[in-house]
Amino acid sequence: MRQSGHVTDDDLTTLPASTPRGGAAAAAGRRQDTRLDNYVDKYADRTHSMQASAVRALFAVANRPEVVSLAGGMPNIADLPLDVVARSMSNLVMTKGAQAMQYGSGQGEPVIREAITEVMALEGIRAHPDDVVVTCGSQQALDLVTRIFCNPGDVVIVEAPSYVGALTTFRSYQVEVVHVAMDDDGLQPDALEAAVASVRAAGKEPKFLYTIPNYNNPSGITQTWERRTELVDLARRLDLLIVEDNPYGLLSLDAEPIPAIRSIEDERVLYLGSFSKTFAPGFRVGWVLAPHAVREKITLAQESATLCPPVFSQLAIAAYLNDHDWQQQIVSFKDMYRARRDALLAALEEYMPEGTSWTHPAGGFFVWVTLPDGLDSQAMLPRAVTARVAYTPGTAFYADGFGSGHMRLSFCYPTPADIREGVRRLAEVMNRELDLQRTFGVHRPARHGIDPGPAPDLA
Amino acid sequence: MTDRPDVIVLAGGLSHERDVSQRSGRRVAIALRQAGHTVIESDVNAGVVDLVRSHPGAVVFPLLHGGVGEDGALREVFQLLGVPFVGATASSSRVTFDKSIATPVVAAHGVRTPRQVALPHEIFRELGAAALVDAIGETLGLPVMVKPARSGSALGASKVELIDDLPSAMVSAYAYGSVAVVEEFIEGTEVTVTVLGEGDEAEALPAVEIRPDSGVYDYASRYTAGSTRFVTPAEVPDEVAAACAELALSAYRALGLRDLGRIDIMINSAGEPVFIEGNVAPGMTETSAVPLALSAAGRDLGEVCSALVRGAAARG
């Protein structure tokens with residue numbers, strides 16, 4: 001039980017828990033007893049996991065120009081045609097300004113929901129605009145889905161490693177994460193079946209499986225088509241709901257996108273999509289595609305959360321999609337990201353010390369690096385920051401403190417030349433750390449506490 | 001000299017404590033503005049020299065934690081440029097910031113310190129880690145604290161209870177710098193004493209007692225409001241409080257600190273205060289101890305900072 005504010009066994013008069021200015025009273029010898037937070041014993045249980053993090057503090061330097069940041073996940077939107085966007089927005093304000101700045105539907109505006117179905121059709125999804133709920137980024141879609149499905153203590157099944165933002169959402173609802181391993185073809189069906197059996201044997205019912213089938217964040221791994229069909233078969237057999245999170249699907253760098261899981265099965269899949277990577281994240285427009293009953297609940301949850309998703313953003317994106325060759329824009333994004341991915345893979349090949357391995361993503365933003373035995377990515381981060389390079393330790397992507405033998409490198413934001421320099425610095429850091437490991441004797445990487453990962457505005 | 005000189009608050013920098021420094025800078029800048037100063041807030045970058053040169057008469061208030069902001073390098077530059085600044089000189093900062101130097105310096109002035117071993121990582125490579133690790137365990141006993149010699153906010157610091165855990169603690173500390181210190185762990189009450197002034201005029205404020213919920217005053221306990229209890233003045237007998245103040249002043253003077261500093265102390269089971277470390281640029285964040293000590297002493301943060309600024313301006 002946390003105790004705040006006053007000490008009762010103190011014979012001196014105590015002041016209120018926080019006294020910005022002690023004044024004469026304090027000078028007169030009264031004892032101040034404070035936690036510097038008057039509300040510490042009023043917070044909900046779920047708030048206790050929200051803590052300052054030394055790992056996150058180390059990222060504070062990463063946005064400085066001297067540092068090459070391979071840590072963040074910000075898309076590079078420098079190449080967007082701002083003149084087109086400006087004209088489109090101006091036209092929006094002049095012609096539909098009053099609507100754009102008014103409250104809207106909790107489900108989202110029909111015009112953007114219509115457009116969203118066309119976007120999803122590119123990945124083989126047939127859907128009706130009525131089945132779409134617009135959200136503040138797909139992050140809010142995940143929040144609302146968790147809100148309507150999960151009680152504290154419930155279990156969700158999550159491939160490992162997985163998106164840190166999903167793990168923090170699950171944690172904020174006090175949901176227990178059970179990890180399932182991946183191989184080169186994605187989530188392993190055998191492992192999934194075993195996990196579901198084990199959860200059920202413990203008397204619990206897994207609420208859903210959370211998966212990022214395309215260019216998983218952080219691993220870069222893509223589920224093959226065969227694997228997707230296997231997972232759907234398994235989900236039907238096990239009576240399991242799938243939450244398919246697909247922010248990077250259209251950023252396929254080597255081939256046409258593989259059709260979404262939702263294209264195989266519509267009743268058992270909640271599909272989350274986003275404009276953050278294909279257009280721009282600042283509008284905060286994502287969506288969830290859900291079967292009728294679920295969609296009704298999500299809309300009500302959305303109303304209680306925000307009344308309605310931002311109307312201005314929805315109409316702005318609808319106008320952009322209408323006024324601009326957005327598919328060609330995605331092609332140019334892909335060309336830019338391909339050059340950056342190739343720069344990262346080439347630099348890794350050239351510089352990484354022996355014993356290091358990494359994934360070769362066919363799209364998305366991230367490469368997952370497995371460190372030589374004994375290196376601990378979280379313990380090594382300060383050394384990297386000193387060397388002016390940042391990455392995200394693998395621990396951010398596990399709910400259970402594992403992952404310190406890995407790190408995530410992002411190729412989305414830095415230029416190819418900076419990526420190369422960043423990897424060169426990183427290799428020096430690893431070599432020095434390996435030298436230290438050899439001196440002290442190789443040991444297993446440690447299991448760490450909760451790692452909240454980088455903030456969204458980290459380069 | 002104007003009554004309230006302009007102030008350049010420097011915060012941020014490229015150190016591991018950039019985030020903490022920005023919090024400290026923000027708080028002091030607000031307090032100084034409330035005290036009637038015009039305040040310019042700046043990061044530390046290639047523009048700093050031009051900035052101070054283009055504001056003749058302004059006083060620099062460095063709120064930089066770690067790295068060049070605290071190790072004396074930046075203060076050396078201000079001394080070179082003849083720019084008035086708040087806080088310890090470059091040479092005093094160099095001594096204080098490095099725990100492998102500060103601890104023996106303070107000990108030489110008769111202050112009780114933990115037994116300490118300071119070792120650069122190269123020595124382990126040259127002599128072999130196993131023998132040295134065993135020797136450390138035999139000499140200091142367990143548990144021990146392992147820390148980077150030059151770092152703050154408990155970053156890279158860990159308590160080691162088993163000798164087998166010492167190597168990985170050393171590796172963690174070396175990630176912050178090339179020298180680590182290993183100290184006997186002092187079990188007891190953790191307090192910190194803020195000192196204002198200089199030399200014989202230095203004054204110790206009431207000790208702040210630190211009681212982290214987790215039992216360890218690590219980064220999360222330091223910067224998550226609510227996770228640590230601060231009791232000011234510390235709940236210790238009067239004679240122990242007096243001994244803490246005396247130790248803090250002795251250490252402060254031994255390290256040559258001036259204007260504002262903080263001395264961290266453990267009170268051992270015998271009730272004796274033991275010097276742990278000195279701070280050239282103590283944290284001034286919403287969860288830092290110095291503002292609590294000022295408040296307990298009935299001092300206003302803005303007025304105290306303002307007095308330091310005027311003192312620095314007068315010093316030139």
# chains A, B, ... in the order shown; residues from 1 in each chain; ligands from 1
call {"tool": "residues_around", "arguments": {"residues": "B:Leu14", "least_positions_apart": "5", "cutoff": "12 Å", "atoms": "only C-alpha atoms", "output": "ChimeraX atom specification"}}
result
/A:57-67,382,385-389 /B:19-22,43-46,64-70
call {"tool": "residues_around", "arguments": {"residues": "A:Gly282", "least_positions_apart": "4", "cutoff": "12 Å", "atoms": "only C-alpha atoms", "output": "list in words"}}
result
Met74, Pro75, Ile77, Cys136, Gly137, Ser274, Phe275, Ser276, Lys277, Thr278, Gly286, Pro310, Phe312, Ser313, Gln314, Ala316, Ile317, Pro456 and Asp457 of chain A
call {"tool": "residues_around", "arguments": {"residues": "stretch 272-282 of chain B", "least_positions_apart": "6", "cutoff": "7 Å", "atoms": "only C-alpha atoms", "output": "PyMOL selection string"}}
result
chain B and resi 63-65+70+88+93+96-97+99+112-114+243-244+261-266
call {"tool": "closest_atom_pairs", "arguments": {"of": "chain B", "to": "chain A", "cutoff": "6 Å", "atoms": "only C-alpha atoms", "output": "JSON lines"}}
result
{"residue": "B:Leu14", "atom": "CA", "partner": "A:Val61", "partner_atom": "CA", "distance": 5.8}
{"residue": "B:His16", "atom": "CA", "partner": "A:Leu58", "partner_atom": "CA", "distance": 5.6}
{"residue": "B:Asp19", "atom": "CA", "partner": "A:Ala60", "partner_atom": "CA", "distance": 5.6}
{"residue": "B:Arg125", "atom": "CA", "partner": "A:Thr439", "partner_atom": "CA", "distance": 5.2}
{"residue": "B:Ala129", "atom": "CA", "partner": "A:Phe440", "partner_atom": "CA", "distance": 5.5}
{"residue": "B:Pro167", "atom": "CA", "partner": "A:Phe440", "partner_atom": "CA", "distance": 5.7}
{"residue": "B:Ser172", "atom": "CA", "partner": "A:Ala379", "partner_atom": "CA", "distance": 5.5}
{"residue": "B:Ala175", "atom": "CA", "partner": "A:Arg383", "partner_atom": "CA", "distance": 4.7}
{"residue": "B:Tyr176", "atom": "CA", "partner": "A:Pro382", "partner_atom": "CA", "distance": 5.7}
{"residue": "B:Tyr219", "atom": "CA", "partner": "A:Ala54", "partner_atom": "CA", "distance": 5.8}
{"residue": "B:Ala220", "atom": "CA", "partner": "A:Ala52", "partner_atom": "CA", "distance": 4.9}
{"residue": "B:Tyr223", "atom": "CA", "partner": "A:Ala52", "partner_atom": "CA", "distance": 5.7}
{"residue": "B:Thr224", "atom": "CA", "partner": "A:Ala52", "partner_atom": "CA", "distance": 5.1}
{"residue": "B:Ala225", "atom": "CA", "partner": "A:Asp37", "partner_atom": "CA", "distance": 5.6}
{"residue": "B:Gly226", "atom": "CA", "partner": "A:Arg35", "partner_atom": "CA", "distance": 4.6}
{"residue": "B:Thr228", "atom": "CA", "partner": "A:Arg35", "partner_atom": "CA", "distance": 5.6}
{"residue": "B:Arg229", "atom": "CA", "partner": "A:Arg35", "partner_atom": "CA", "distance": 4.6}
{"residue": "B:Phe230", "atom": "CA", "partner": "A:Thr34", "partner_atom": "CA", "distance": 5.3}
{"residue": "B:Val231", "atom": "CA", "partner": "A:Asp33", "partner_atom": "CA", "distance": 4.4}
{"residue": "B:Thr232", "atom": "CA", "partner": "A:Gln32", "partner_atom": "CA", "distance": 5.0}
{"residue": "B:Pro233", "atom": "CA", "partner": "A:Arg31", "partner_atom": "CA", "distance": 5.8}
{"residue": "B:Ser295", "atom": "CA", "partner": "A:Gly22", "partner_atom": "CA", "distance": 4.5}
{"residue": "B:Ala296", "atom": "CA", "partner": "A:Ala26", "partner_atom": "CA", "distance": 5.1}
{"residue": "B:Ala297", "atom": "CA", "partner": "A:Ala27", "partner_atom": "CA", "distance": 5.0}
{"residue": "B:Gly298", "atom": "CA", "partner": "A:Gly23", "partner_atom": "CA", "distance": 4.3}
call {"tool": "write_last_selection", "arguments": {"atoms": "N, CA and C atoms", "output": "PDB file, in the first residue's frame"}}
result
ATOM      1  N   LEU B  14      24.685  17.141 -24.952  1.00  0.00           N
ATOM      2  CA  LEU B  14      24.691  15.823 -25.608  1.00  0.00           C
ATOM      3  C   LEU B  14      24.976  14.692 -24.622  1.00  0.00           C
ATOM      4  N   HIS B  16      24.290  11.913 -21.433  1.00  0.00           N
ATOM      5  CA  HIS B  16      23.241  10.930 -21.152  1.00  0.00           C
ATOM      6  C   HIS B  16      22.116  11.531 -20.331  1.00  0.00           C
ATOM      7  N   ASP B  19      17.890  14.847 -20.930  1.00  0.00           N
ATOM      8  CA  ASP B  19      16.484  14.958 -20.565  1.00  0.00           C
ATOM      9  C   ASP B  19      16.329  15.619 -19.186  1.00  0.00           C
ATOM     10  N   ARG B 125      41.560  -5.822 -18.841  1.00  0.00           N
ATOM     11  CA  ARG B 125      42.017  -6.565 -20.010  1.00  0.00           C
ATOM     12  C   ARG B 125      43.477  -6.966 -19.831  1.00  0.00           C
ATOM     13  N   ALA B 129      40.409 -10.292 -15.836  1.00  0.00           N
ATOM     14  CA  ALA B 129      39.286  -9.825 -15.029  1.00  0.00           C
ATOM     15  C   ALA B 129      39.075 -10.688 -13.790  1.00  0.00           C
ATOM     16  N   PRO B 167      30.870  -8.818 -12.739  1.00  0.00           N
ATOM     17  CA  PRO B 167      31.302  -8.508 -14.112  1.00  0.00           C
ATOM     18  C   PRO B 167      30.239  -7.777 -14.935  1.00  0.00           C
ATOM     19  N   SER B 172      28.068  -2.717 -17.389  1.00  0.00           N
ATOM     20  CA  SER B 172      27.036  -1.675 -17.455  1.00  0.00           C
ATOM     21  C   SER B 172      27.604  -0.304 -17.116  1.00  0.00           C
ATOM     22  N   ALA B 175      29.718   1.204 -19.885  1.00  0.00           N
ATOM     23  CA  ALA B 175      28.974   1.722 -21.037  1.00  0.00           C
ATOM     24  C   ALA B 175      28.834   3.239 -20.949  1.00  0.00           C
ATOM     25  N   TYR B 176      29.016   3.793 -19.740  1.00  0.00           N
ATOM     26  CA  TYR B 176      28.895   5.246 -19.562  1.00  0.00           C
ATOM     27  C   TYR B 176      30.244   5.955 -19.576  1.00  0.00           C
ATOM     28  N   TYR B 219      16.865   5.601 -11.581  1.00  0.00           N
ATOM     29  CA  TYR B 219      16.334   6.632 -12.480  1.00  0.00           C
ATOM     30  C   TYR B 219      14.814   6.754 -12.364  1.00  0.00           C
ATOM     31  N   ALA B 220      14.127   5.622 -12.362  1.00  0.00           N
ATOM     32  CA  ALA B 220      12.657   5.658 -12.300  1.00  0.00           C
ATOM     33  C   ALA B 220      12.199   6.273 -10.974  1.00  0.00           C
ATOM     34  N   TYR B 223      12.724  10.196 -11.122  1.00  0.00           N
ATOM     35  CA  TYR B 223      11.984  11.066 -12.034  1.00  0.00           C
ATOM     36  C   TYR B 223      10.530  10.664 -12.250  1.00  0.00           C
ATOM     37  N   THR B 224      10.038   9.689 -11.492  1.00  0.00           N
ATOM     38  CA  THR B 224       8.607   9.416 -11.505  1.00  0.00           C
ATOM     39  C   THR B 224       8.024  10.050 -10.249  1.00  0.00           C
ATOM     40  N   ALA B 225       7.304  11.160 -10.422  1.00  0.00           N
ATOM     41  CA  ALA B 225       6.721  11.812  -9.254  1.00  0.00           C
ATOM     42  C   ALA B 225       5.843  10.812  -8.527  1.00  0.00           C
ATOM     43  N   GLY B 226       5.951  10.769  -7.217  1.00  0.00           N
ATOM     44  CA  GLY B 226       5.111   9.872  -6.441  1.00  0.00           C
ATOM     45  C   GLY B 226       5.806   8.597  -6.006  1.00  0.00           C
ATOM     46  N   THR B 228       8.836   8.227  -4.732  1.00  0.00           N
ATOM     47  CA  THR B 228       9.827   8.382  -3.664  1.00  0.00           C
ATOM     48  C   THR B 228       9.297   9.371  -2.630  1.00  0.00           C
ATOM     49  N   ARG B 229       9.498   9.038  -1.368  1.00  0.00           N
ATOM     50  CA  ARG B 229       9.122   9.974  -0.289  1.00  0.00           C
ATOM     51  C   ARG B 229      10.334  10.823   0.067  1.00  0.00           C
ATOM     52  N   PHE B 230      10.116  12.104   0.144  1.00  0.00           N
ATOM     53  CA  PHE B 230      11.177  13.019   0.559  1.00  0.00           C
ATOM     54  C   PHE B 230      10.765  13.640   1.885  1.00  0.00           C
ATOM     55  N   VAL B 231      11.597  13.472   2.895  1.00  0.00           N
ATOM     56  CA  VAL B 231      11.288  14.014   4.214  1.00  0.00           C
ATOM     57  C   VAL B 231      12.331  15.074   4.554  1.00  0.00           C
ATOM     58  N   THR B 232      11.871  16.306   4.797  1.00  0.00           N
ATOM     59  CA  THR B 232      12.785  17.412   5.022  1.00  0.00           C
ATOM     60  C   THR B 232      12.327  18.233   6.217  1.00  0.00           C
ATOM     61  N   PRO B 233      13.125  18.469   7.222  1.00  0.00           N
ATOM     62  CA  PRO B 233      14.464  17.901   7.399  1.00  0.00           C
ATOM     63  C   PRO B 233      14.370  16.387   7.642  1.00  0.00           C
ATOM     64  N   SER B 295      12.803  24.994  -0.099  1.00  0.00           N
ATOM     65  CA  SER B 295      11.462  25.195   0.417  1.00  0.00           C
ATOM     66  C   SER B 295      11.425  24.978   1.930  1.00  0.00           C
ATOM     67  N   ALA B 296      12.097  23.925   2.384  1.00  0.00           N
ATOM     68  CA  ALA B 296      12.105  23.625   3.822  1.00  0.00           C
ATOM     69  C   ALA B 296      12.819  24.711   4.612  1.00  0.00           C
ATOM     70  N   ALA B 297      13.760  25.373   3.928  1.00  0.00           N
ATOM     71  CA  ALA B 297      14.503  26.433   4.607  1.00  0.00           C
ATOM     72  C   ALA B 297      13.781  27.766   4.500  1.00  0.00           C
ATOM     73  N   GLY B 298      12.591  27.737   3.881  1.00  0.00           N
ATOM     74  CA  GLY B 298      11.827  28.974   3.756  1.00  0.00           C
ATOM     75  C   GLY B 298      12.372  29.890   2.674  1.00  0.00           C
TER      76      GLY B 298
END
call {"tool": "residues_around", "arguments": {"residues": "A:Leu272", "least_positions_apart": "6", "cutoff": "6 Å", "atoms": "only C-alpha atoms", "output": "list of chain:residue names"}}
result
A:Ser138, A:Asp245, A:Asn246, A:Trp287, A:Val288
call {"tool": "write_last_selection", "arguments": {"atoms": "C-alpha atoms", "output": "PDB file, in the first residue's frame"}}
result
ATOM      1  CA  SER A 138      -4.527   2.924 -35.826  1.00  0.00           C
ATOM      2  CA  ASP A 245      -2.419  -4.578 -37.675  1.00  0.00           C
ATOM      3  CA  ASN A 246      -1.234  -3.450 -41.085  1.00  0.00           C
ATOM      4  CA  TRP A 287      -9.252   2.912 -38.961  1.00  0.00           C
ATOM      5  CA  VAL A 288     -10.599  -0.420 -37.883  1.00  0.00           C
TER       6      VAL A 288
END
call {"tool": "select_by_dssp", "arguments": {"residues": "stretch 196-264 of chain B", "states": "strand (DSSP E or B)", "output": "PyMOL selection string"}}
result
chain B and resi 196-198+203-204+208-212+228-232+258-264
call {"tool": "atom_distance", "arguments": {"atom1": "atom CA of A:Leu348", "atom2": "atom CA of A:Pro361"}}
result
13.3 Å
call {"tool": "select_by_dssp", "arguments": {"residues": "stretch 21-173 of chain B", "states": "alpha helix (DSSP H)", "output": "PyMOL selection string"}}
result
chain B and resi 21-34+48-53+73-81+90-97+99-108+121-127+129-140+166-173
call {"tool": "write_last_selection", "arguments": {"atoms": "C-alpha atoms", "output": "PDB file, in the first residue's frame"}}
result
ATOM      1  CA  SER B  21      19.024  18.830 -17.738  1.00  0.00           C
ATOM      2  CA  GLN B  22      16.183  20.170 -19.864  1.00  0.00           C
ATOM      3  CA  ARG B  23      13.801  19.699 -16.937  1.00  0.00           C
ATOM      4  CA  SER B  24      16.186  21.516 -14.579  1.00  0.00           C
ATOM      5  CA  GLY B  25      16.701  24.345 -17.053  1.00  0.00           C
ATOM      6  CA  ARG B  26      13.008  24.870 -17.569  1.00  0.00           C
ATOM      7  CA  ARG B  27      12.314  25.100 -13.856  1.00  0.00           C
ATOM      8  CA  VAL B  28      15.141  27.548 -13.117  1.00  0.00           C
ATOM      9  CA  ALA B  29      14.276  29.702 -16.139  1.00  0.00           C
ATOM     10  CA  ILE B  30      10.679  30.039 -14.937  1.00  0.00           C
ATOM     11  CA  ALA B  31      11.827  30.849 -11.388  1.00  0.00           C
ATOM     12  CA  LEU B  32      14.291  33.497 -12.609  1.00  0.00           C
ATOM     13  CA  ARG B  33      11.659  35.134 -14.806  1.00  0.00           C
ATOM     14  CA  GLN B  34       9.340  35.296 -11.826  1.00  0.00           C
ATOM     15  CA  VAL B  48      26.870  29.015 -27.474  1.00  0.00           C
ATOM     16  CA  VAL B  49      30.033  31.117 -27.760  1.00  0.00           C
ATOM     17  CA  ASP B  50      28.311  33.547 -30.130  1.00  0.00           C
ATOM     18  CA  LEU B  51      25.305  33.649 -27.849  1.00  0.00           C
ATOM     19  CA  VAL B  52      27.246  34.661 -24.747  1.00  0.00           C
ATOM     20  CA  ARG B  53      29.362  37.131 -26.731  1.00  0.00           C
ATOM     21  CA  ALA B  73      35.082  21.799 -19.840  1.00  0.00           C
ATOM     22  CA  LEU B  74      32.364  24.335 -20.570  1.00  0.00           C
ATOM     23  CA  ARG B  75      33.171  26.352 -17.447  1.00  0.00           C
ATOM     24  CA  GLU B  76      36.778  26.510 -18.595  1.00  0.00           C
ATOM     25  CA  VAL B  77      35.504  28.133 -21.775  1.00  0.00           C
ATOM     26  CA  PHE B  78      33.462  30.690 -19.841  1.00  0.00           C
ATOM     27  CA  GLN B  79      36.491  31.516 -17.717  1.00  0.00           C
ATOM     28  CA  LEU B  80      38.520  31.900 -20.924  1.00  0.00           C
ATOM     29  CA  LEU B  81      35.938  34.240 -22.384  1.00  0.00           C
ATOM     30  CA  ALA B  90      36.219  24.556 -13.977  1.00  0.00           C
ATOM     31  CA  SER B  91      38.884  22.980 -11.787  1.00  0.00           C
ATOM     32  CA  SER B  92      36.488  22.334  -8.923  1.00  0.00           C
ATOM     33  CA  SER B  93      34.000  20.810 -11.366  1.00  0.00           C
ATOM     34  CA  ARG B  94      36.657  18.499 -12.776  1.00  0.00           C
ATOM     35  CA  VAL B  95      37.479  17.218  -9.308  1.00  0.00           C
ATOM     36  CA  THR B  96      33.892  16.902  -8.118  1.00  0.00           C
ATOM     37  CA  PHE B  97      32.358  15.319 -11.200  1.00  0.00           C
ATOM     38  CA  LYS B  99      33.959  10.111  -8.323  1.00  0.00           C
ATOM     39  CA  SER B 100      37.348   8.425  -8.553  1.00  0.00           C
ATOM     40  CA  ILE B 101      38.960  11.793  -7.725  1.00  0.00           C
ATOM     41  CA  ALA B 102      36.347  13.429  -5.515  1.00  0.00           C
ATOM     42  CA  THR B 103      36.150  10.595  -3.001  1.00  0.00           C
ATOM     43  CA  PRO B 104      39.897  10.492  -2.168  1.00  0.00           C
ATOM     44  CA  VAL B 105      40.054  14.315  -2.143  1.00  0.00           C
ATOM     45  CA  VAL B 106      37.237  14.474   0.373  1.00  0.00           C
ATOM     46  CA  ALA B 107      38.736  11.599   2.381  1.00  0.00           C
ATOM     47  CA  ALA B 108      42.037  13.466   2.559  1.00  0.00           C
ATOM     48  CA  HIS B 121      38.455  -0.936 -18.115  1.00  0.00           C
ATOM     49  CA  GLU B 122      41.861  -1.421 -19.771  1.00  0.00           C
ATOM     50  CA  ILE B 123      43.378  -2.698 -16.540  1.00  0.00           C
ATOM     51  CA  PHE B 124      40.978  -5.631 -16.506  1.00  0.00           C
ATOM     52  CA  ARG B 125      42.017  -6.565 -20.010  1.00  0.00           C
ATOM     53  CA  GLU B 126      45.695  -6.311 -19.216  1.00  0.00           C
ATOM     54  CA  LEU B 127      45.657  -8.119 -15.901  1.00  0.00           C
ATOM     55  CA  ALA B 129      39.286  -9.825 -15.029  1.00  0.00           C
ATOM     56  CA  ALA B 130      38.829 -12.902 -12.860  1.00  0.00           C
ATOM     57  CA  ALA B 131      41.652 -12.171 -10.426  1.00  0.00           C
ATOM     58  CA  LEU B 132      40.698  -8.502 -10.121  1.00  0.00           C
ATOM     59  CA  VAL B 133      37.022  -9.269  -9.608  1.00  0.00           C
ATOM     60  CA  ASP B 134      37.912 -11.706  -6.832  1.00  0.00           C
ATOM     61  CA  ALA B 135      40.260  -9.195  -5.256  1.00  0.00           C
ATOM     62  CA  ILE B 136      37.552  -6.525  -5.269  1.00  0.00           C
ATOM     63  CA  GLY B 137      35.162  -8.908  -3.572  1.00  0.00           C
ATOM     64  CA  GLU B 138      37.745  -9.860  -0.957  1.00  0.00           C
ATOM     65  CA  THR B 139      38.798  -6.290  -0.235  1.00  0.00           C
ATOM     66  CA  LEU B 140      35.454  -4.553  -0.154  1.00  0.00           C
ATOM     67  CA  LEU B 166      30.011  -8.065 -10.529  1.00  0.00           C
ATOM     68  CA  PRO B 167      31.302  -8.508 -14.112  1.00  0.00           C
ATOM     69  CA  SER B 168      27.983  -7.547 -15.715  1.00  0.00           C
ATOM     70  CA  ALA B 169      27.640  -4.576 -13.340  1.00  0.00           C
ATOM     71  CA  MET B 170      31.120  -3.472 -14.409  1.00  0.00           C
ATOM     72  CA  VAL B 171      30.152  -3.798 -18.071  1.00  0.00           C
ATOM     73  CA  SER B 172      27.036  -1.675 -17.455  1.00  0.00           C
ATOM     74  CA  ALA B 173      29.064   1.034 -15.737  1.00  0.00           C
TER      75      ALA B 173
END
